[in-house]
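Peer 1: This is the structure I have questions about; it appears just below.
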Amino acid sequence: MSAVSAVVIVSSTVSDAHTWNLVFLQLLVEEVGLPVVNLGPCVPEELLAAECLLREPALVVISSVNGHGYQDCLGLIRRLRAADQPEGMLVVAGGKLAVLAEGATRRAEHLRRAGFDAVFDDGPDSLVTFRQMLVTLTGEGHRTRGVPSELSAGRTP
Ligand code: B12
């Protein structure tokens, strides 16, 4: 396992066919000066894992808006935190991760415990916080795993 690069992978989950969320996030990441590989919609876990092995990204941004993101993310993060994956790779998720708002805090906490560095809800502040995180990444270049606590605290799906 080697150190991560400055590349950001933007990806949806295996079940999610929406694309404009991914385009939006790609443009946002590129705006702060980080190179992006956008894997598009309906990405199988094994394809995402293979891309992470190949590119050793600094950050993987998972976006899902179809309401099944929480379930998809649980399987996906198990795969991305397996022993063969790059160390120091940040993985965050956001969008409309469930159909019901009820239980959002518990789901976000569960995803963080499962291995996500941050989980962003669909509220107006999330993109501001997410962008701050990107700016931090550009400042630090190569970094080790971990999102500053002020960025990860209170993020819910
Ligand atoms: C266009 C659209 C489609 C198109 C997608 C075409 C395409 N090429 O993308 C089609 C028709 C295929 C489609 C299908 C479905 N859709 Co649809 N779709 C939409 C719609 C109208 C717009 C989505 C869009 O493009 N938005 C523009 C982008 C830029 O914004 P966004 O997606 O909201 O993402 C923003 C935030 O969520 C956030 N964000 C997203 N990800 C992340 C990640 C991070 C880290 C951060 C910080 C932020 C963040 O930032 C983005 C910019 O602000 C929305 C309703 C709506 N008005 O939002 C429904 C919507 C997303 N769809 C929905 C549903 C249910 C479906 C279907 C299941 C319908 C069905 N029964 O078949 C299928 C799902 C298919 C699948 N396998 O995924 C629901 C999801 C409900 C939920 N989450 O609880 C929505 C919300 C409609 C609704 N109100 O019910 N859909």
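Naming scheme: A, B, ... for chains in displayed order of the structure tokens; residues 1 onward per chain; ligands 1 onward as shown.
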List all protein, DNA and RNA residues that have at least one atom no more than 9 Å from any atom of ligand 1, counting only C-alpha atoms and all ligand atoms, and write them as JSON, numbers by chain.
Peer 2: {"A": [10, 12, 13, 14, 15, 16, 17, 18, 19, 20, 21, 22, 23, 24, 25, 41, 42, 61, 62, 63, 64, 65, 66, 67, 68, 69, 92, 93, 94, 95, 96, 97, 98, 99, 100, 101, 118, 119, 120, 121, 122, 123, 124, 125, 126, 127, 128, 129, 130, 131]}
Peer 1: Pick out the closest residue to Cys52 in chain A from this set: A:Leu74, A:Met89, A:Gly103, A:Val36. Count only C-alpha atoms.
Peer 2: A:Met89
Peer 1: Taking the DSSP secondary structure from the backbone, can you list the residues of chain A that are helix (DSSP H, G or I), as a count of residues only?
Peer 2: 67
Peer 1: Near Arg79 in chain A, within 8 Å and counting only C-alpha atoms, which residues show up once chain neighbours fewer than 2 positions away are dropped, as a PyMOL selection string?
Peer 2: chain A and resi 45-46+49+75-77+81-82
Peer 1: Could you check how far CA of Arg78 in chain A sits from CA of Ala58 in chain A, in Å to one decimal?
Peer 2: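 That distance, rounded to one decimal, is 17.9 Å.
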Peer 1: Apply DSSP to the structure's backbone, then extract all residues of chain A labelled strand (DSSP E) and return them as a list in words.
Peer 2: Val8, Ile9, Val10, Ser11, Val36, Val37, Asn38, Leu59, Val60, Val61, Ile62, Ser63, Ser64, Leu90, Val91, Val92, Ala93, Gly94, Gly95, Ala118, Val119 and Phe120 of chain A
Peer 1: Considering only C-alpha atoms, return as a ChimeraX atom specification whatever protein or nucleic-acid residues lie within 12 Å of Glu30 in chain A, sequence-local ones (same chain, fewer than 2 positions apart) excluded.
Peer 2: /A:6-10,23-28,32-38,131,134-135,138
Peer 1: Using only C-alpha atoms, which of A:Gln132, A:Leu80, A:Glu87, A:Tyr70 sits nearest Glu109 in chain A?
Peer 2: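 Ranking A:Gln132, A:Leu80, A:Glu87, A:Tyr70 by distance to Glu109 in chain A, first place goes to A:Tyr70.
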